Amino acid sequence: MTRRLAAATITGLALATAPVIVSAVGAQPAPASQVPTVAAAANGAWTTYHRDNARTGYDSTQPTATGATTGWVSTTLDGSVYAEPLVYNGIVFAATLQGTVYALNQTDGVIAWSTNVGTPMTKPSSQCGNVSPLGILGTPVIDVAAGRIYVSEILAADSAWHVFGIDLTTHGVVLNTTIPSSTGTGFDWTIEQQRGALALANGYVYVPFGGRIGDCGPYHGWVIGVATNGSPTVTYYESPTTAEGIWAPGGVAIDDSTGNVFFALGNAIPCAGAVNSDSIIRTASTLGAATSFFQPQDWSANWCVPDQDMGSVSPVLISPSLMFVTGKYGQGFLLNPTNLGGTNGQLFPSGAPYTGVDVCVGDHGAASYGSVAYANGRVYFSCESNGIVSLSVNTSTPSFSSCDATCTAAGTWHVGGLGTMSSPIVAGGAVWAISTSGGGLYGFNATTGAQIFHSANFSASRFSTPSEAGSQIFAGAGNVIRSFNMVTGCSSVTLTAAPPTSAPVSSTVTLTANATGPTCVSPQYRFWIRPAAGSWTMVQDYSASNTYNWTSTTPAGSYYLGVHARALASTAPFESLASIPYTLKKKLLPGEADI
C-alpha cells in the first residue's frame with residue numbers, strides 16, 4: 001500500500017491534518033480485472049444499506065448542496081444491479097445478478113478488480129418469481145474491521161443459499177457458509193428469495209429472506225445469522241406463521257447500543273389465526289424467538305386480508321427509544337424499540353381510540369415500498385406513483401405530521417408527478433432519489449422539498465436506491481453505475497499568506513482567502529490557526545472580510561492556517577475549506593544568524 005501525506009485538511013467544524021490513503025491494485029482472481037487509470041483515494045464511506053445499521057440513509061458530514069453535476073458512468077457490468085452501491089477506501093462496490101462483485105475506482109469509475117462468487121441458480125420456469133438468475137439481489141455489507149465485503153446468493157452447483165466473504169485486499173473468497181436446508185422447520189430454496197439488505201453486527205452477518213412474487217409454496221420469513229468467524233453453524237429467526245416474508249429492501253435494522261435486531265414481517269397466509277402477521281419484530285443479537293413485537297390494531301382487516309403488508313418497508317431507528325414504520329397500507333406509526341408494545345402498542349397515533357394516520361397522499365393500496373430516511377427531525381420515503389413525502393417528527397412528544405389525500409398538513413412536504421421513486425437518502429442538506437420509472441436522479445431541498453437537481457433520464461431496477469460518499473452520489477442503473485457530484489454554493493476556496501511560508505514570531509502575517517463556485521453569492525470567511533501538535537482555534541468568525549492579520553505571540557514552530565467559506569445565505573458549517581502549513585521562526589537577536 002502506498003501512502004501520501006496530504007496538506008492539512010479541515011473536517012467538520014474543526015480542522016485536522018490527515019494522510020490520504022492510496023490503494024494499490026492487488027492480485028486478482030476474477031477475469032474482469034482492470035487497472036484503474038487514477039489511483040483510488042479514500043473520499044467518504046457508505047459501507048451498509050442506507051449508511052448505518054439504524055438505516056437512516058443520512059450523511060451529516062457534507063456541506064449544503066445547491067445542485068449536482070453528472071459524473072462518470074461505469075463500463076457495462078455482467079448483469080443487472082439491484083443492490084445499493086457501497087463505498088469504502090476510494091472504491092465503489094457494485095453487485096450483480098450474475099454473482100459478481102465489482103470494485104470501481106471512486107474517482108473515475110474504472111474497474112479496479114472484480115470477483116465472481118460462483119454461477120448463480122437460474123430460476124426454473126416451473127417456479128414463481130420474477131428475478132433470474134438468482135445472483136446477488138440484496139445489498140451487501142462491508143466489514144471494515146476484517147477488510148471484507150459479504151454477499152449472499154444461491155449457487156447453481158448445489159441449489160443452496162450461501163453467504164460469501166470477499167477479502168478487500170486479495171479479492172479472494174475467504175468465507176463461504178452454506179445455509180442448510182434443515183434450518184428450522186425446513187429452508188426450501190425453491191420458494192425463498194433473498195431481497196433485503198445484509199447487515200453486520202454482533203459477530204454475525206444477518207441475511208433476511210421472504211417469498212417470491214406469486215407467493216409460491218408454504219414459505220416463511222427468515223433472518224439467518226452467519227458467524228463472521230467461519231463457523232458453519234447458523235442461528236436464525238423463522239416467522240411463526242406461513243408467509244410473513246422479510247423482503248423489504250432495507251432488510252434488518254440494528255440498535256448498535258444494544259445489539260437488538262429489528263425487521264418487518266409481511267402478511268400471513270392465511271390471515272385467520274396468524275401470529276405476528278404484519279408486525280415489527282425485535283430479537284436478541286443471536287436471533288431466535290421475538291423478544292418484542294408491534295402489530296397495528298387493524299392488522300387483519302386493513303393490512304393482511306387485502307395484502308397491504310407491513311413488510312414492504314423496513315423500519316428506521318430514529319434513536320434507541322424511537323422508531324418510525326409504515327407499509328403498503330399507507331399509514332405510519334412511532335414505536336418504542338425498548339418495548340414495541342404488542343398489538344396497538346404504538347407511541348403514536350393513540351391507541352385509545354385508535355385512528356390511523358395517513359402518510360402517503362391518502363393511498364391505502366400498495367402505497368409505499370423500500371426504506372425510510374431520517375434526518376434532523378424529518379422522515380423521508382417514497383409513495384408508489386406519488387413521488388416523495390417528508391413528515392416532521394416530534395421526538396420529545398412522539399408524533400408526526402400527516403399526508404392525507406391533500407397532503408397539506410403543517411410540517412409536511414410532498415413532491416408528486418414524478419412517477420415511482422426509489423427510497424431516498426439525505427446528504428448535503430438535500431434528498432436524493434432515483435426515478436425507477438426511468439426519469440433519472442432527482443435532488444430536493446431537505447427542508448422545503450424544492451427541486452435542486454434533475455439528471456438526464458436513465459433506467460434503474462425496481463427498488464434501486466442511491467448512495468453517497470465524499471459529496472458523490474452513486475446510482476445503480478441497469479447494468480452500470482452512474483455517479484453524480486454534489487455542487488455547493490462556494491465550492492472552492494484558496495488561502496495564501498504574506499509572507500508566504502514563514503515569518504518571525506511577533507511579526508504580522510496576512511491571510512487572504514478567495515472563494516468561488518456556481519452560486520457563491522457574497523462569500524463569507526472564517527479563519528483558523530493550529531499548532532502542529534495542538535488543536536484548531538477559530539480566530540475570526542464568519543464575515544465578508546477575506547483577510548485576517550495574524551500577529552503571533554506563540555512559540556516558534558510549525559503551524560497550519562485554515563479557512564472555511566460559504567455563501568451568505570448558507571446555513572452549512574462550511575461549503576469549502578482550505579489550509580496551508582506555516583512556520584514561525586525564532587525572532588533573531590542582533591548579530592544572530594538565521595539558520
# chains A, B, ... in the order shown; residues from 1 in each chain; ligands from 1
>>> residues_around(residues="Gly449 of chain A", least_positions_apart="2", cutoff="10 Å", atoms="only C-alpha atoms", output="list of chain:residue names")
A:Ile388, A:Val389, A:Ser390, A:Thr412, A:Trp413, A:His414, A:Val415, A:Ala430, A:Val431, A:Gly443, A:Phe444, A:Asn445, A:Ala446, A:Thr447, A:Gln451, A:Ile452
>>> select_by_dssp(residues="segment 33-226 of chain A", states="strand (DSSP E or B)", output="number ranges by chain")
A: 40-41, 46, 58-59, 65-73, 86-88, 91-95, 100-105, 111-116, 120, 141-143, 148-155, 160-167, 173-178, 193, 199-201, 204-210, 220, 222-226
>>> residues_around(residues="Ala532 of chain A", least_positions_apart="2", cutoff="6 Å", atoms="only C-alpha atoms", output="ChimeraX atom specification")
/A:534,558-559
>>> write_last_selection(atoms="N, CA, C and O atoms", output="JSON list (two decimals), in the first residue's frame")
[["chain", "number", "residue", "atom", "x", "y", "z"],
["A", 534, "GLY", "N", -1.11, 20.67, 18.20],
["A", 534, "GLY", "CA", -2.25, 21.11, 19.00],
["A", 534, "GLY", "C", -3.56, 20.99, 18.26],
["A", 534, "GLY", "O", -3.69, 20.24, 17.30],
["A", 558, "SER", "N", 6.02, 24.78, 13.87],
["A", 558, "SER", "CA", 5.19, 24.51, 12.69],
["A", 558, "SER", "C", 3.72, 24.73, 13.03],
["A", 558, "SER", "O", 3.24, 24.32, 14.10],
["A", 559, "TYR", "N", 2.99, 25.32, 12.09],
["A", 559, "TYR", "CA", 1.58, 25.64, 12.28],
["A", 559, "TYR", "C", 0.82, 25.29, 11.00],
["A", 559, "TYR", "O", 1.40, 25.07, 9.94]]
>>> atom_distance(atom1="atom CA of Ser467 of chain A", atom2="atom CA of Asn43 of chain A")
13.2 Å
>>> residues_around(residues="segment 91-100 of chain A", least_positions_apart="5", cutoff="8 Å", atoms="only C-alpha atoms", output="PyMOL selection string")
chain A and resi 40+42+77-86+105-106+109+114-120+132-137+139-140+153+476+479+481
>>> write_last_selection(atoms="N, CA, C and O atoms", output="compact mmCIF listing (two decimals), in the first residue's frame")
# COMPACT_ATOMS: atom_id res chain seq x y z
N ALA A 40 -6.88 5.06 -6.39
CA ALA A 40 -8.05 5.23 -5.52
C ALA A 40 -7.67 6.03 -4.29
O ALA A 40 -6.73 5.70 -3.58
N ALA A 42 -9.32 7.56 -0.75
CA ALA A 42 -10.49 7.48 0.12
C ALA A 42 -11.20 8.83 0.19
O ALA A 42 -10.59 9.86 0.40
N LEU A 77 -21.47 -3.75 -16.81
CA LEU A 77 -21.17 -4.87 -15.93
C LEU A 77 -21.83 -6.13 -16.47
O LEU A 77 -22.59 -6.09 -17.43
N ASP A 78 -21.56 -7.27 -15.82
CA ASP A 78 -22.02 -8.54 -16.39
C ASP A 78 -23.46 -8.89 -16.07
O ASP A 78 -23.95 -9.94 -16.50
N GLY A 79 -24.16 -8.04 -15.34
CA GLY A 79 -25.54 -8.32 -15.00
C GLY A 79 -26.20 -7.09 -14.40
O GLY A 79 -25.57 -6.05 -14.16
N SER A 80 -27.48 -7.19 -14.12
CA SER A 80 -28.24 -6.08 -13.55
C SER A 80 -27.84 -5.84 -12.10
O SER A 80 -27.54 -6.78 -11.36
N VAL A 81 -27.88 -4.57 -11.71
CA VAL A 81 -27.58 -4.17 -10.34
C VAL A 81 -28.88 -3.77 -9.65
O VAL A 81 -29.53 -2.82 -10.06
N TYR A 82 -29.26 -4.53 -8.64
CA TYR A 82 -30.41 -4.19 -7.81
C TYR A 82 -29.95 -3.63 -6.46
O TYR A 82 -30.65 -2.86 -5.82
N ALA A 83 -28.78 -4.04 -5.99
CA ALA A 83 -28.27 -3.64 -4.69
C ALA A 83 -27.82 -2.19 -4.70
O ALA A 83 -27.39 -1.66 -5.73
N GLU A 84 -27.90 -1.55 -3.54
CA GLU A 84 -27.36 -0.20 -3.39
C GLU A 84 -25.84 -0.24 -3.50
O GLU A 84 -25.20 -1.10 -2.88
N PRO A 85 -25.22 0.64 -4.28
CA PRO A 85 -23.75 0.67 -4.31
C PRO A 85 -23.19 1.03 -2.93
O PRO A 85 -23.79 1.82 -2.20
N LEU A 86 -22.06 0.43 -2.58
CA LEU A 86 -21.38 0.74 -1.33
C LEU A 86 -20.04 1.40 -1.65
O LEU A 86 -19.50 1.23 -2.74
N ASN A 105 -13.15 2.32 -9.23
CA ASN A 105 -12.43 3.46 -8.68
C ASN A 105 -13.41 4.61 -8.46
O ASN A 105 -14.13 5.01 -9.38
N GLN A 106 -13.43 5.15 -7.25
CA GLN A 106 -14.38 6.22 -6.92
C GLN A 106 -14.14 7.48 -7.76
O GLN A 106 -15.07 8.23 -8.03
N GLY A 109 -14.50 5.65 -11.97
CA GLY A 109 -15.40 4.55 -12.31
C GLY A 109 -14.77 3.38 -13.02
O GLY A 109 -15.46 2.42 -13.35
N SER A 114 -12.58 -7.35 -9.80
CA SER A 114 -13.90 -7.96 -9.67
C SER A 114 -13.74 -9.41 -9.24
O SER A 114 -12.72 -10.05 -9.55
N THR A 115 -14.72 -9.91 -8.52
CA THR A 115 -14.71 -11.30 -8.07
C THR A 115 -16.10 -11.90 -8.26
O THR A 115 -17.09 -11.31 -7.82
N ASN A 116 -16.15 -13.04 -8.91
CA ASN A 116 -17.41 -13.77 -9.05
C ASN A 116 -17.42 -14.89 -8.02
O ASN A 116 -16.48 -15.66 -7.92
N VAL A 117 -18.51 -14.95 -7.24
CA VAL A 117 -18.57 -15.93 -6.15
C VAL A 117 -19.10 -17.28 -6.61
O VAL A 117 -19.19 -18.22 -5.81
N GLY A 118 -19.47 -17.41 -7.87
CA GLY A 118 -19.97 -18.69 -8.38
C GLY A 118 -21.18 -18.46 -9.27
O GLY A 118 -21.89 -17.46 -9.15
N THR A 119 -21.43 -19.39 -10.16
CA THR A 119 -22.56 -19.29 -11.07
C THR A 119 -23.86 -19.40 -10.29
O THR A 119 -24.09 -20.38 -9.57
N PRO A 120 -24.73 -18.39 -10.38
CA PRO A 120 -25.98 -18.45 -9.62
C PRO A 120 -27.01 -19.37 -10.27
O PRO A 120 -26.95 -19.65 -11.47
N SER A 132 -34.24 -13.57 -12.27
CA SER A 132 -33.40 -14.67 -12.73
C SER A 132 -32.27 -14.08 -13.57
O SER A 132 -32.53 -13.18 -14.39
N PRO A 133 -31.04 -14.52 -13.38
CA PRO A 133 -30.61 -15.53 -12.41
C PRO A 133 -30.70 -15.03 -10.97
O PRO A 133 -30.82 -13.84 -10.73
N LEU A 134 -30.61 -15.97 -10.03
CA LEU A 134 -30.77 -15.65 -8.62
C LEU A 134 -29.41 -15.32 -8.00
O LEU A 134 -28.98 -15.93 -7.03
N GLY A 135 -28.76 -14.31 -8.59
CA GLY A 135 -27.46 -13.88 -8.10
C GLY A 135 -27.60 -12.95 -6.90
O GLY A 135 -28.49 -13.10 -6.08
N ILE A 136 -26.74 -11.95 -6.82
CA ILE A 136 -26.71 -11.06 -5.66
C ILE A 136 -27.78 -10.00 -5.84
O ILE A 136 -27.65 -9.09 -6.66
N LEU A 137 -28.85 -10.13 -5.08
CA LEU A 137 -30.00 -9.23 -5.17
C LEU A 137 -30.03 -8.25 -4.00
O LEU A 137 -30.23 -7.05 -4.16
N THR A 139 -28.54 -5.95 -0.93
CA THR A 139 -27.35 -5.11 -0.81
C THR A 139 -26.32 -5.77 0.11
O THR A 139 -26.66 -6.19 1.22
N PRO A 140 -25.06 -5.88 -0.32
CA PRO A 140 -24.01 -6.46 0.54
C PRO A 140 -23.72 -5.56 1.74
O PRO A 140 -24.34 -4.50 1.93
N GLU A 153 -25.92 -15.37 -2.28
CA GLU A 153 -26.60 -15.82 -3.49
C GLU A 153 -26.80 -17.33 -3.41
O GLU A 153 -26.22 -18.01 -2.56
N GLY A 476 -27.22 2.68 -9.04
CA GLY A 476 -27.29 1.51 -9.89
C GLY A 476 -28.31 1.77 -10.98
O GLY A 476 -29.46 2.11 -10.69
N ASN A 479 -27.33 -2.17 -15.79
CA ASN A 479 -26.06 -2.90 -15.65
C ASN A 479 -24.85 -1.96 -15.66
O ASN A 479 -23.77 -2.35 -16.06
N ILE A 481 -23.10 1.58 -13.19
CA ILE A 481 -23.19 2.50 -12.06
C ILE A 481 -22.96 3.90 -12.59
O ILE A 481 -22.03 4.15 -13.38
>>> closest_residue(among="A:Asn229, A:Gln127, A:Asn260, A:Ser483", to="Gly288 of chain A", atoms="only C-alpha atoms")
A:Asn260
>>> closest_residue(among="A:Ser402, A:Phe262, A:Thr48, A:Ala274", to="Asn339 of chain A", atoms="only C-alpha atoms")
A:Phe262
>>> residues_around(residues="Phe400 of chain A", least_positions_apart="6", cutoff="9 Å", atoms="only C-alpha atoms", output="list in words")
Gly332, Phe333, Leu334, Phe348, Pro349, Arg378, Leu391, Ser392, Val393, Asn394, Gly411 and Thr412 of chain A
>>> write_last_selection(atoms="N, CA and C atoms", output="mmCIF file, in the first residue's frame")
data_model
loop_
_atom_site.group_PDB
_atom_site.id
_atom_site.type_symbol
_atom_site.label_atom_id
_atom_site.label_comp_id
_atom_site.auth_asym_id
_atom_site.auth_seq_id
_atom_site.Cartn_x
_atom_site.Cartn_y
_atom_site.Cartn_z
ATOM 1 N N GLY A 332 -48.736 5.309 9.135
ATOM 2 C CA GLY A 332 -47.463 5.249 9.835
ATOM 3 C C GLY A 332 -47.616 5.189 11.340
ATOM 4 N N PHE A 333 -46.507 4.788 11.999
ATOM 5 C CA PHE A 333 -46.504 4.626 13.452
ATOM 6 C C PHE A 333 -45.135 5.022 14.002
ATOM 7 N N LEU A 334 -45.135 5.554 15.208
ATOM 8 C CA LEU A 334 -43.925 5.707 16.004
ATOM 9 C C LEU A 334 -43.960 4.667 17.112
ATOM 10 N N PHE A 348 -47.452 6.532 18.822
ATOM 11 C CA PHE A 348 -48.289 7.435 18.043
ATOM 12 C C PHE A 348 -48.703 6.708 16.770
ATOM 13 N N PRO A 349 -49.990 6.825 16.380
ATOM 14 C CA PRO A 349 -51.080 7.585 16.993
ATOM 15 C C PRO A 349 -51.624 6.891 18.243
ATOM 16 N N ARG A 378 -36.953 14.892 10.550
ATOM 17 C CA ARG A 378 -37.850 14.621 9.438
ATOM 18 C C ARG A 378 -37.621 13.204 8.927
ATOM 19 N N LEU A 391 -42.231 14.048 6.343
ATOM 20 C CA LEU A 391 -43.035 14.395 7.501
ATOM 21 C C LEU A 391 -42.127 14.921 8.604
ATOM 22 N N SER A 392 -42.588 15.914 9.337
ATOM 23 C CA SER A 392 -41.841 16.380 10.502
ATOM 24 C C SER A 392 -42.186 15.499 11.695
ATOM 25 N N VAL A 393 -41.177 15.175 12.498
ATOM 26 C CA VAL A 393 -41.339 14.276 13.636
ATOM 27 C C VAL A 393 -41.022 15.022 14.920
ATOM 28 N N ASN A 394 -41.941 14.973 15.850
ATOM 29 C CA ASN A 394 -41.700 15.496 17.196
ATOM 30 C C ASN A 394 -41.158 14.342 18.027
ATOM 31 N N GLY A 411 -45.857 21.113 8.429
ATOM 32 C CA GLY A 411 -44.692 20.269 8.677
ATOM 33 C C GLY A 411 -44.472 19.191 7.645
ATOM 34 N N THR A 412 -45.384 19.069 6.664
ATOM 35 C CA THR A 412 -45.288 18.037 5.623
ATOM 36 C C THR A 412 -44.963 18.687 4.289
#
>>> atom_distance(atom1="atom CA of Gly250 of chain A", atom2="atom CA of Ser368 of chain A")
13.1 Å
>>> closest_residue(among="A:Val226, A:Met538, A:Ala565, A:Leu175", to="Gly489 of chain A", atoms="only C-alpha atoms")
A:Ala565
>>> residues_around(residues="Ala301 of chain A", least_positions_apart="5", cutoff="12 Å", atoms="only C-alpha atoms", output="PyMOL selection string")
chain A and resi 267+271-272+277-278+296+306-309+329
>>> closest_residue(among="A:Leu155, A:Leu335, A:Ala264, A:Leu104", to="Gly311 of chain A", atoms="only C-alpha atoms")
A:Ala264
>>> closest_residue(among="A:Tyr49, A:Trp113, A:Trp303, A:Tyr542", to="Val101 of chain A", atoms="only C-alpha atoms")
A:Trp113
>>> residues_around(residues="Val87 of chain A", least_positions_apart="5", cutoff="6 Å", atoms="only C-alpha atoms", output="list in words")
Ala45, Trp46, Thr47 and Val92 of chain A
>>> closest_residue(among="A:Ala498, A:Ile191, A:Ile425, A:Leu198", to="Gly245 of chain A", atoms="only C-alpha atoms")
A:Ile191
>>> atom_distance(atom1="atom CA of Ser125 of chain A", atom2="atom CA of Ile246 of chain A")
23.8 Å
>>> decode(residues="segment 104-204 of chain A", atoms="C-alpha atoms", output="PDB file, in the first residue's frame")
ATOM      1  CA  LEU A 104     -14.853   0.610  -9.220  1.00  0.00           C
ATOM      2  CA  ASN A 105     -12.432   3.459  -8.684  1.00  0.00           C
ATOM      3  CA  GLN A 106     -14.379   6.221  -6.921  1.00  0.00           C
ATOM      4  CA  THR A 107     -12.582   8.907  -8.904  1.00  0.00           C
ATOM      5  CA  ASP A 108     -13.243   7.715 -12.442  1.00  0.00           C
ATOM      6  CA  GLY A 109     -15.401   4.554 -12.307  1.00  0.00           C
ATOM      7  CA  VAL A 110     -12.777   2.311 -13.894  1.00  0.00           C
ATOM      8  CA  ILE A 111     -12.868  -1.310 -12.687  1.00  0.00           C
ATOM      9  CA  ALA A 112     -10.088  -1.896 -10.158  1.00  0.00           C
ATOM     10  CA  TRP A 113     -10.969  -5.574  -9.661  1.00  0.00           C
ATOM     11  CA  SER A 114     -13.903  -7.965  -9.670  1.00  0.00           C
ATOM     12  CA  THR A 115     -14.712 -11.298  -8.069  1.00  0.00           C
ATOM     13  CA  ASN A 116     -17.406 -13.767  -9.052  1.00  0.00           C
ATOM     14  CA  VAL A 117     -18.565 -15.934  -6.150  1.00  0.00           C
ATOM     15  CA  GLY A 118     -19.973 -18.687  -8.385  1.00  0.00           C
ATOM     16  CA  THR A 119     -22.564 -19.289 -11.068  1.00  0.00           C
ATOM     17  CA  PRO A 120     -25.976 -18.449  -9.619  1.00  0.00           C
ATOM     18  CA  MET A 121     -29.062 -20.598  -9.956  1.00  0.00           C
ATOM     19  CA  THR A 122     -31.315 -19.755 -12.882  1.00  0.00           C
ATOM     20  CA  LYS A 123     -34.966 -19.783 -11.871  1.00  0.00           C
ATOM     21  CA  PRO A 124     -36.739 -22.766 -13.457  1.00  0.00           C
ATOM     22  CA  SER A 125     -39.818 -21.829 -15.472  1.00  0.00           C
ATOM     23  CA  SER A 126     -41.924 -24.028 -13.213  1.00  0.00           C
ATOM     24  CA  GLN A 127     -41.214 -21.807 -10.190  1.00  0.00           C
ATOM     25  CA  CYS A 128     -42.756 -18.457  -9.375  1.00  0.00           C
ATOM     26  CA  GLY A 129     -40.734 -15.275  -9.112  1.00  0.00           C
ATOM     27  CA  ASN A 130     -39.591 -12.513 -11.417  1.00  0.00           C
ATOM     28  CA  VAL A 131     -35.824 -12.471 -10.824  1.00  0.00           C
ATOM     29  CA  SER A 132     -33.396 -14.667 -12.730  1.00  0.00           C
ATOM     30  CA  PRO A 133     -30.609 -15.535 -12.414  1.00  0.00           C
ATOM     31  CA  LEU A 134     -30.770 -15.647  -8.619  1.00  0.00           C
ATOM     32  CA  GLY A 135     -27.463 -13.877  -8.098  1.00  0.00           C
ATOM     33  CA  ILE A 136     -26.709 -11.058  -5.661  1.00  0.00           C
ATOM     34  CA  LEU A 137     -30.003  -9.226  -5.174  1.00  0.00           C
ATOM     35  CA  GLY A 138     -29.804  -7.913  -1.592  1.00  0.00           C
ATOM     36  CA  THR A 139     -27.345  -5.114  -0.808  1.00  0.00           C
ATOM     37  CA  PRO A 140     -24.008  -6.457   0.542  1.00  0.00           C
ATOM     38  CA  VAL A 141     -22.306  -5.151   3.680  1.00  0.00           C
ATOM     39  CA  ILE A 142     -18.666  -4.176   4.230  1.00  0.00           C
ATOM     40  CA  ASP A 143     -16.786  -5.359   7.318  1.00  0.00           C
ATOM     41  CA  VAL A 144     -14.277  -2.538   7.809  1.00  0.00           C
ATOM     42  CA  ALA A 145     -12.513  -4.244  10.728  1.00  0.00           C
ATOM     43  CA  ALA A 146     -11.969  -7.523   8.869  1.00  0.00           C
ATOM     44  CA  GLY A 147     -11.466  -5.938   5.454  1.00  0.00           C
ATOM     45  CA  ARG A 148     -14.241  -7.924   3.764  1.00  0.00           C
ATOM     46  CA  ILE A 149     -17.440  -7.493   1.815  1.00  0.00           C
ATOM     47  CA  TYR A 150     -20.223 -10.037   2.463  1.00  0.00           C
ATOM     48  CA  VAL A 151     -22.774 -11.089  -0.169  1.00  0.00           C
ATOM     49  CA  SER A 152     -25.402 -13.799  -0.497  1.00  0.00           C
ATOM     50  CA  GLU A 153     -26.601 -15.819  -3.488  1.00  0.00           C
ATOM     51  CA  ILE A 154     -27.868 -19.273  -4.391  1.00  0.00           C
ATOM     52  CA  LEU A 155     -25.377 -21.379  -6.350  1.00  0.00           C
ATOM     53  CA  ALA A 156     -26.317 -23.478  -9.354  1.00  0.00           C
ATOM     54  CA  ALA A 157     -23.783 -26.106  -8.272  1.00  0.00           C
ATOM     55  CA  ASP A 158     -25.634 -27.200  -5.124  1.00  0.00           C
ATOM     56  CA  SER A 159     -29.011 -25.356  -5.163  1.00  0.00           C
ATOM     57  CA  ALA A 160     -28.196 -23.829  -1.776  1.00  0.00           C
ATOM     58  CA  TRP A 161     -28.030 -20.291  -0.466  1.00  0.00           C
ATOM     59  CA  HIS A 162     -24.573 -19.190   0.613  1.00  0.00           C
ATOM     60  CA  VAL A 163     -23.013 -16.224   2.359  1.00  0.00           C
ATOM     61  CA  PHE A 164     -19.614 -15.263   0.962  1.00  0.00           C
ATOM     62  CA  GLY A 165     -16.934 -13.016   2.395  1.00  0.00           C
ATOM     63  CA  ILE A 166     -14.531 -11.464  -0.124  1.00  0.00           C
ATOM     64  CA  ASP A 167     -11.210 -10.110   1.126  1.00  0.00           C
ATOM     65  CA  LEU A 168     -10.795  -6.485   0.056  1.00  0.00           C
ATOM     66  CA  THR A 169      -7.018  -6.826  -0.295  1.00  0.00           C
ATOM     67  CA  THR A 170      -6.568 -10.181  -2.040  1.00  0.00           C
ATOM     68  CA  HIS A 171     -10.046 -10.104  -3.646  1.00  0.00           C
ATOM     69  CA  GLY A 172     -10.437 -13.800  -2.927  1.00  0.00           C
ATOM     70  CA  VAL A 173     -13.353 -15.557  -1.204  1.00  0.00           C
ATOM     71  CA  VAL A 174     -12.300 -16.115   2.409  1.00  0.00           C
ATOM     72  CA  LEU A 175     -15.691 -17.125   3.854  1.00  0.00           C
ATOM     73  CA  ASN A 176     -18.269 -19.446   2.314  1.00  0.00           C
ATOM     74  CA  THR A 177     -21.076 -20.543   4.619  1.00  0.00           C
ATOM     75  CA  THR A 178     -23.967 -22.645   3.352  1.00  0.00           C
ATOM     76  CA  ILE A 179     -27.435 -22.086   4.786  1.00  0.00           C
ATOM     77  CA  PRO A 180     -28.585 -25.674   5.459  1.00  0.00           C
ATOM     78  CA  SER A 181     -31.951 -26.798   4.101  1.00  0.00           C
ATOM     79  CA  SER A 182     -32.507 -28.404   7.525  1.00  0.00           C
ATOM     80  CA  THR A 183     -32.607 -24.996   9.251  1.00  0.00           C
ATOM     81  CA  GLY A 184     -35.710 -24.571  11.409  1.00  0.00           C
ATOM     82  CA  THR A 185     -38.771 -26.322  10.001  1.00  0.00           C
ATOM     83  CA  GLY A 186     -37.000 -26.585   6.660  1.00  0.00           C
ATOM     84  CA  PHE A 187     -35.429 -23.915   4.464  1.00  0.00           C
ATOM     85  CA  ASP A 188     -36.680 -24.505   0.905  1.00  0.00           C
ATOM     86  CA  TRP A 189     -34.673 -22.586  -1.707  1.00  0.00           C
ATOM     87  CA  THR A 190     -37.377 -23.049  -4.353  1.00  0.00           C
ATOM     88  CA  ILE A 191     -39.775 -20.713  -2.530  1.00  0.00           C
ATOM     89  CA  GLU A 192     -37.446 -18.294  -0.725  1.00  0.00           C
ATOM     90  CA  GLN A 193     -35.937 -15.074  -2.091  1.00  0.00           C
ATOM     91  CA  GLN A 194     -33.068 -13.075  -0.623  1.00  0.00           C
ATOM     92  CA  ARG A 195     -34.080  -9.450  -1.325  1.00  0.00           C
ATOM     93  CA  GLY A 196     -33.390  -7.462   1.849  1.00  0.00           C
ATOM     94  CA  ALA A 197     -30.027  -5.864   2.594  1.00  0.00           C
ATOM     95  CA  LEU A 198     -27.446  -7.744   4.629  1.00  0.00           C
ATOM     96  CA  ALA A 199     -26.398  -6.256   7.973  1.00  0.00           C
ATOM     97  CA  LEU A 200     -23.321  -6.711  10.143  1.00  0.00           C
ATOM     98  CA  ALA A 201     -23.176  -6.634  13.950  1.00  0.00           C
ATOM     99  CA  ASN A 202     -22.563  -8.810  16.990  1.00  0.00           C
ATOM    100  CA  GLY A 203     -20.201 -11.134  15.105  1.00  0.00           C
ATOM    101  CA  TYR A 204     -22.894 -12.058  12.558  1.00  0.00           C
TER     102      TYR A 204
END
